[in-house]
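Below is one structure, written out as structure tokens; comments come after it.
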Amino acid sequence: MTVPPETFGVLWLSLKVAGVATVVTLPIAVFVAYALARWTFPGRSLLNLVVLLPLVLPPVVTGYFLLIVFGAKGVLGAPLATLGITFAFQWTGAALAAGIMGFPLIVRAIRMAFEAVDPKLEEAAKTLGAGPWRVFVTVTLPLSAPGVLTGAVMGFAKALGEFGATITFVGNIPGETRTLPSAIYTALQIPGEESSVWVLVALSTTIAVLAVVLSEILSRYVAAKIGVRHA
Amino acid sequence: MLEIDLRLPLDRFVLDVTAASPSGATMVFGPSGAGKSSLVKAIAGLIAGVEGHIRLGSRVLLDTSSGLNLPAHKRRIGYVFQEPRLFPHLSVAANLRYGAPHGTEIAAIAKMLDITALLSRRPGLLSGGEAARVALGRALLRTPDLLILDEPLAALDHSLKAEILPYLERLRDHGGIPMLYVTHAIEEVLRLGTTLMILRDGQIKQFGPVAKVLSDPQAAQDLGPRLAGAILPGQTQARDQGLMSVSTPAGPITVPDPGFPLGRPVRLRIMAQDVILSVTRPKGLSALNILPVTIETLHSGPHMGVMVRLVAGGVPLLARITKRSAQALGLAPGQNIYAVLKTVSIAQDNLVQHITQDT
């Protein structure tokens, strides 16, 4: 069995797309999760719904919405294009689609971690002179670190496997938007390409298993270090 | 000096408190649900919806008429909760330093609280008493202008209470930080209190120096007749056969030996229900303490018979007797009679070492 030469390009692109998607969405997810866990404000239920939507919508529908909003002539896509930021048929678009599809999973994990932090500890920090930002950085965030980590890994794994929204939004362009799932799909269309399919499938599985195992080890380590029970 | 004039609607009533609390320890006492915790949370800025005015020293913390409402972290009020609330992800030393100004030396406070050996540990590995002391140290190192203690001993068992109380006494006497101390345990009032505030249904029922309030027959209703009793200042004098003689303005009183050193200032609490009255000097009685007293006033309450306020050597005493006894003896104000106290009824909890002067 030979490894097709374009495999490394596909692998690198997939890791880049999923990595960028996770790194960019993580801070936003932390903010949204905190708002949902700790604040009451008008439109809270609506925000919750919008955040969860990519999880329940058919991915193709999400991809279509992305096309409308961020496409070359889209509502946000056109003004962003004048600033030199384009998504359509580029790897950045694939990262955007992957990030949006992984977002609900990240928010959910982090929100649960925030909700598990005892507000009494945050109250104690206030009486010790800590303002809201210091309370968050020194108490809430460290105590939710295992949850944040879990959220990030789940988002990364989801981003790595994202297919429907990506192919709808940015297509399946070799070297630009052809990630692992698209490459598997493409190989399946061509008779006699079973061996490349197997290589790609094995790669996908290995990365997914590695991510989960790594996150579990890290999460245990962090939980032990901060003295809280492993979630 | 803490001056408060605040209102806060609660579930069953409106908390409505106006008071000026002097230095030393002000004890907020009352039954559960009286609004004690809500009051101190309001002062610390941990509850929203408080109306009125709060001033701590020269700083105004709340003034709703001018729209001023300092957030909790800017009020410089240390808070010791019922649970230690230590940060589990930080070491004991990091917990202590959390609220301390930069460059604060934690060694002296750690030494005072006997937690020096614990500094590198995680809070999860501390015993209940150790955690309570670390929480106390953490609140102190924040260098607050006022220290609030919200039932800090309520969750601890009897031996742990005895372990922590001496540290609280040290703090009151040497710390110089005014304390606001919430409790429903009269022993803590007796042992730590300078000023007593009795709160019921969100209102102040009694407010003043501890000894004065506890000796007030009117206050007996707010305390509950079982808890009513005068406080006598005294000094340990001599010990003999398991007994200790305490000199008080009312005369020497013999109590079970608490093991305190001689010559030590103490507070002696004489429960109103433990005092027997006699119009003639009793003879052939096993009780060791017979004090000549003068009746000052008689108060008939709804349920508790008659509360008699007596004066002995210039200090007040309280006795609780039945209406029938009062009539049979023909008691009246101004009359000179005798008060009989049984030695063993003065339990350990009612005799405490007390260093600060009663005012």
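Letters for chains follow the order of the structure tokens (A, B, ...), residue numbers begin at 1 for each chain, and ligand numbers begin at 1 in the order shown.
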Kindly determine which residues of chain B lie within 9 Å of chain A, considering only C-alpha atoms, and give the answer as a ChimeraX atom specification.
/B:44-46,71-81,85-90,98-100,122-124,138-139,141-142,144
Would you kindly return, as a PyMOL selection string, each protein, DNA or RNA residue with an atom no farther than 12 Å from any atom of Ala131 (chain B), considering only C-alpha atoms and excluding same-chain residues fewer than 2 positions away?
chain B and resi 80-88+91-92+95-96+113-115+118-119+121-129+133-138+152-153+156+160+164
Keeping only C-alpha atoms, write the selected residues as a PDB file, in the first residue's frame.
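Result file follows (selection-v7.pdb):
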ATOM      1  CA  VAL B  80     -15.210  35.435  57.423  1.00  0.00           C
ATOM      2  CA  PHE B  81     -18.002  33.143  56.279  1.00  0.00           C
ATOM      3  CA  GLN B  82     -19.521  30.168  58.037  1.00  0.00           C
ATOM      4  CA  GLU B  83     -17.518  27.910  55.701  1.00  0.00           C
ATOM      5  CA  PRO B  84     -13.819  28.690  55.148  1.00  0.00           C
ATOM      6  CA  ARG B  85     -14.289  29.229  51.376  1.00  0.00           C
ATOM      7  CA  LEU B  86     -10.578  28.756  50.699  1.00  0.00           C
ATOM      8  CA  PHE B  87      -9.523  28.679  47.041  1.00  0.00           C
ATOM      9  CA  PRO B  88      -8.836  24.985  46.367  1.00  0.00           C
ATOM     10  CA  SER B  91      -1.739  26.950  48.449  1.00  0.00           C
ATOM     11  CA  VAL B  92      -2.444  28.166  51.970  1.00  0.00           C
ATOM     12  CA  ASN B  95      -4.782  32.043  49.863  1.00  0.00           C
ATOM     13  CA  LEU B  96      -3.408  34.263  52.642  1.00  0.00           C
ATOM     14  CA  LEU B 113      -2.932  31.817  64.080  1.00  0.00           C
ATOM     15  CA  ASP B 114      -0.497  28.886  64.324  1.00  0.00           C
ATOM     16  CA  ILE B 115      -0.659  28.100  60.626  1.00  0.00           C
ATOM     17  CA  LEU B 118       0.630  24.745  56.762  1.00  0.00           C
ATOM     18  CA  LEU B 119       1.740  27.466  54.349  1.00  0.00           C
ATOM     19  CA  ARG B 121      -0.262  22.887  51.757  1.00  0.00           C
ATOM     20  CA  ARG B 122      -3.408  22.725  49.666  1.00  0.00           C
ATOM     21  CA  PRO B 123      -6.670  23.721  51.428  1.00  0.00           C
ATOM     22  CA  GLY B 124      -8.182  20.326  50.599  1.00  0.00           C
ATOM     23  CA  LEU B 125      -5.775  18.677  53.040  1.00  0.00           C
ATOM     24  CA  LEU B 126      -6.557  20.906  56.047  1.00  0.00           C
ATOM     25  CA  SER B 127      -8.675  19.966  59.063  1.00  0.00           C
ATOM     26  CA  GLY B 128     -11.785  22.017  59.842  1.00  0.00           C
ATOM     27  CA  GLY B 129     -10.049  24.035  62.530  1.00  0.00           C
ATOM     28  CA  ARG B 133      -7.882  29.769  60.960  1.00  0.00           C
ATOM     29  CA  VAL B 134      -6.553  30.206  57.427  1.00  0.00           C
ATOM     30  CA  ALA B 135      -9.837  31.873  56.425  1.00  0.00           C
ATOM     31  CA  LEU B 136      -9.503  34.219  59.392  1.00  0.00           C
ATOM     32  CA  GLY B 137      -5.904  35.038  58.480  1.00  0.00           C
ATOM     33  CA  ARG B 138      -6.823  35.649  54.856  1.00  0.00           C
ATOM     34  CA  PRO B 152     -17.776  31.649  61.923  1.00  0.00           C
ATOM     35  CA  LEU B 153     -18.151  28.922  64.541  1.00  0.00           C
ATOM     36  CA  LEU B 156     -17.746  23.653  63.945  1.00  0.00           C
ATOM     37  CA  LEU B 160     -13.210  23.064  67.383  1.00  0.00           C
ATOM     38  CA  ILE B 164     -10.854  28.901  67.510  1.00  0.00           C
TER      39      ILE B 164
END
Which of region 12-227 of chain A end up as alpha helix (DSSP H) when DSSP is run on this backbone - answer as a PyMOL selection string?
chain A and resi 12-38+44-56+59-70+77-82+91-116+119-127+132-135+141-143+145-161+164-170+180-189+194-226
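Put simply, CA of Leu36 (chain A) is 27.0 Å away from CA of Ala211 (chain A).
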Which residues are close to Asp274 (chain B), i.e. within 8 Å by only C-alpha atoms, leaving aside same-chain residues fewer than 3 positions away? Reply as number ranges by chain.
B: 270-271, 319-320, 341-342, 345
I need the residues from that last selection saved to file as a tab-separated table (two decimals), in the first residue's frame (with N, CA and C atoms), if you can.
chain	number	residue	atom	x	y	z
B	270	ILE	N	-24.74	35.43	85.41
B	270	ILE	CA	-25.65	34.83	86.37
B	270	ILE	C	-27.02	34.72	85.70
B	271	MET	N	-27.42	33.49	85.34
B	271	MET	CA	-28.70	33.29	84.65
B	271	MET	C	-29.84	33.68	85.59
B	319	ALA	N	-33.26	38.26	88.31
B	319	ALA	CA	-33.81	37.02	88.84
B	319	ALA	C	-35.17	36.80	88.19
B	320	ARG	N	-35.45	35.54	87.87
B	320	ARG	CA	-36.72	35.23	87.24
B	320	ARG	C	-37.49	34.33	88.21
B	341	LEU	N	-27.36	32.00	94.97
B	341	LEU	CA	-26.89	31.38	93.73
B	341	LEU	C	-26.27	30.05	94.05
B	342	LYS	N	-26.72	29.03	93.36
B	342	LYS	CA	-26.13	27.71	93.56
B	342	LYS	C	-24.81	27.66	92.80
B	345	SER	N	-24.53	25.75	89.41
B	345	SER	CA	-25.35	26.22	88.28
B	345	SER	C	-24.60	27.24	87.44
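Taking CA of Gly171 (chain A) and CA of Gly71 (chain A) as the two end points, the separation is 11.9 Å.
The nearest approach to Val61 (chain A) among the residues A:Val20, A:Ala165, A:Ala157, A:Val117, with only C-alpha atoms taken into account, belongs to A:Ala165.
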Excluding Val210 (chain B) and its own-chain neighbours fewer than 3 positions away, which residues fall within 9 Å of it when counting only C-alpha atoms? Please give them as a PyMOL selection string.
chain B and resi 26-27+189-190+193-197+207+213-215+231+358-359
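Nearest to Ser300 (chain B) of all the residues B:Leu317, B:Ala326, B:Ile4, B:Val28 is B:Ala326, based on only C-alpha atoms.
The space separating CA of Leu329 (chain B) from CA of Leu291 (chain B) comes to 17.4 Å.
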Residues within 10 Å of region 259-261 of chain B, please, as a PyMOL selection string. Count only C-alpha atoms; anything in the same chain fewer than 6 positions from it doesn't count.
chain B and resi 235-239+242-244+351-353
So that I can see what lies close to Ile295 (chain B), please list as number ranges by chain the residues with an atom at most 7 Å from it, counting only C-alpha atoms and leaving out residues fewer than 3 positions away in the same chain.
B: 309-311, 332-336
Based on the selection just made, write N, CA and C atoms of those residues as an mmCIF file, in the first residue's frame.
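Below you can see result-v5.cif, which holds the result:
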data_model
loop_
_atom_site.group_PDB
_atom_site.id
_atom_site.type_symbol
_atom_site.label_atom_id
_atom_site.label_comp_id
_atom_site.auth_asym_id
_atom_site.auth_seq_id
_atom_site.Cartn_x
_atom_site.Cartn_y
_atom_site.Cartn_z
ATOM 1 N N ARG B 309 -35.264 43.009 88.656
ATOM 2 C CA ARG B 309 -33.946 43.615 88.505
ATOM 3 C C ARG B 309 -33.455 44.028 89.887
ATOM 4 N N LEU B 310 -32.277 43.521 90.236
ATOM 5 C CA LEU B 310 -31.714 43.756 91.558
ATOM 6 C C LEU B 310 -30.434 44.566 91.417
ATOM 7 N N VAL B 311 -30.032 45.237 92.502
ATOM 8 C CA VAL B 311 -28.734 45.895 92.497
ATOM 9 C C VAL B 311 -27.925 45.349 93.655
ATOM 10 N N ALA B 332 -41.257 44.387 96.519
ATOM 11 C CA ALA B 332 -41.528 45.730 96.013
ATOM 12 C C ALA B 332 -40.207 46.450 95.786
ATOM 13 N N PRO B 333 -40.177 47.392 94.862
ATOM 14 C CA PRO B 333 -38.946 48.136 94.602
ATOM 15 C C PRO B 333 -38.434 48.830 95.864
ATOM 16 N N GLY B 334 -37.121 48.858 96.037
ATOM 17 C CA GLY B 334 -36.504 49.506 97.175
ATOM 18 C C GLY B 334 -36.242 48.567 98.339
ATOM 19 N N GLN B 335 -36.866 47.385 98.286
ATOM 20 C CA GLN B 335 -36.746 46.423 99.386
ATOM 21 C C GLN B 335 -35.348 45.783 99.405
ATOM 22 N N ASN B 336 -34.781 45.569 100.600
ATOM 23 C CA ASN B 336 -33.496 44.878 100.713
ATOM 24 C C ASN B 336 -33.738 43.397 100.985
#
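Within the 6 Å cut-off around region 97-114 of chain A, using only C-alpha atoms and omitting residues fewer than 5 positions from it on the same chain, the listed residues are Ala21, Ala29, Ala33, Ala37, Val51, Leu52, Pro54, Ser144, Gly147, Val148, Gly151, Ala152, Gly155, Lys158, Ala159, Glu162 and Thr166 of chain A.
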Keeping only N, CA and C atoms, write those residues as a PDB file, in the first residue's frame.
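Output file again-v4.pdb follows:
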ATOM      1  N   ALA A  21      -9.406  27.289  13.692  1.00  0.00           N
ATOM      2  CA  ALA A  21     -10.821  27.364  14.094  1.00  0.00           C
ATOM      3  C   ALA A  21     -10.932  27.308  15.622  1.00  0.00           C
ATOM      4  N   ALA A  29     -15.915  31.603  22.784  1.00  0.00           N
ATOM      5  CA  ALA A  29     -16.720  30.594  23.476  1.00  0.00           C
ATOM      6  C   ALA A  29     -16.652  30.783  24.986  1.00  0.00           C
ATOM      7  N   ALA A  33     -19.930  31.464  27.043  1.00  0.00           N
ATOM      8  CA  ALA A  33     -20.260  30.490  28.086  1.00  0.00           C
ATOM      9  C   ALA A  33     -20.411  31.183  29.426  1.00  0.00           C
ATOM     10  N   ALA A  37     -23.695  31.389  31.698  1.00  0.00           N
ATOM     11  CA  ALA A  37     -23.646  30.733  33.012  1.00  0.00           C
ATOM     12  C   ALA A  37     -23.898  31.708  34.154  1.00  0.00           C
ATOM     13  N   VAL A  51     -26.449  29.834  19.601  1.00  0.00           N
ATOM     14  CA  VAL A  51     -25.215  29.089  19.841  1.00  0.00           C
ATOM     15  C   VAL A  51     -25.422  27.597  19.554  1.00  0.00           C
ATOM     16  N   LEU A  52     -26.589  27.086  19.941  1.00  0.00           N
ATOM     17  CA  LEU A  52     -26.848  25.651  19.775  1.00  0.00           C
ATOM     18  C   LEU A  52     -27.245  25.264  18.351  1.00  0.00           C
ATOM     19  N   PRO A  54     -26.057  25.421  15.214  1.00  0.00           N
ATOM     20  CA  PRO A  54     -25.229  24.594  14.324  1.00  0.00           C
ATOM     21  C   PRO A  54     -25.203  23.118  14.721  1.00  0.00           C
ATOM     22  N   SER A 144     -12.181  26.220  36.289  1.00  0.00           N
ATOM     23  CA  SER A 144     -12.881  25.570  35.177  1.00  0.00           C
ATOM     24  C   SER A 144     -11.906  25.076  34.119  1.00  0.00           C
ATOM     25  N   GLY A 147     -12.605  21.846  32.222  1.00  0.00           N
ATOM     26  CA  GLY A 147     -13.746  21.970  31.305  1.00  0.00           C
ATOM     27  C   GLY A 147     -13.381  22.737  30.047  1.00  0.00           C
ATOM     28  N   VAL A 148     -12.577  23.791  30.210  1.00  0.00           N
ATOM     29  CA  VAL A 148     -12.150  24.583  29.054  1.00  0.00           C
ATOM     30  C   VAL A 148     -11.324  23.705  28.113  1.00  0.00           C
ATOM     31  N   GLY A 151     -13.537  21.256  26.320  1.00  0.00           N
ATOM     32  CA  GLY A 151     -14.256  21.976  25.277  1.00  0.00           C
ATOM     33  C   GLY A 151     -13.382  22.200  24.060  1.00  0.00           C
ATOM     34  N   ALA A 152     -12.135  22.614  24.298  1.00  0.00           N
ATOM     35  CA  ALA A 152     -11.221  22.895  23.189  1.00  0.00           C
ATOM     36  C   ALA A 152     -10.949  21.642  22.365  1.00  0.00           C
ATOM     37  N   GLY A 155     -14.012  20.703  20.366  1.00  0.00           N
ATOM     38  CA  GLY A 155     -14.145  21.635  19.237  1.00  0.00           C
ATOM     39  C   GLY A 155     -13.156  21.295  18.136  1.00  0.00           C
ATOM     40  N   LYS A 158     -14.244  18.121  16.351  1.00  0.00           N
ATOM     41  CA  LYS A 158     -15.398  18.407  15.500  1.00  0.00           C
ATOM     42  C   LYS A 158     -14.936  19.151  14.237  1.00  0.00           C
ATOM     43  N   ALA A 159     -14.035  20.116  14.423  1.00  0.00           N
ATOM     44  CA  ALA A 159     -13.537  20.917  13.302  1.00  0.00           C
ATOM     45  C   ALA A 159     -12.807  20.023  12.300  1.00  0.00           C
ATOM     46  N   GLU A 162     -15.392  18.129  10.223  1.00  0.00           N
ATOM     47  CA  GLU A 162     -16.464  18.897   9.578  1.00  0.00           C
ATOM     48  C   GLU A 162     -16.428  18.702   8.062  1.00  0.00           C
ATOM     49  N   THR A 166     -18.658  22.778   5.309  1.00  0.00           N
ATOM     50  CA  THR A 166     -17.444  23.208   4.608  1.00  0.00           C
ATOM     51  C   THR A 166     -17.616  23.068   3.098  1.00  0.00           C
TER      52      THR A 166
END
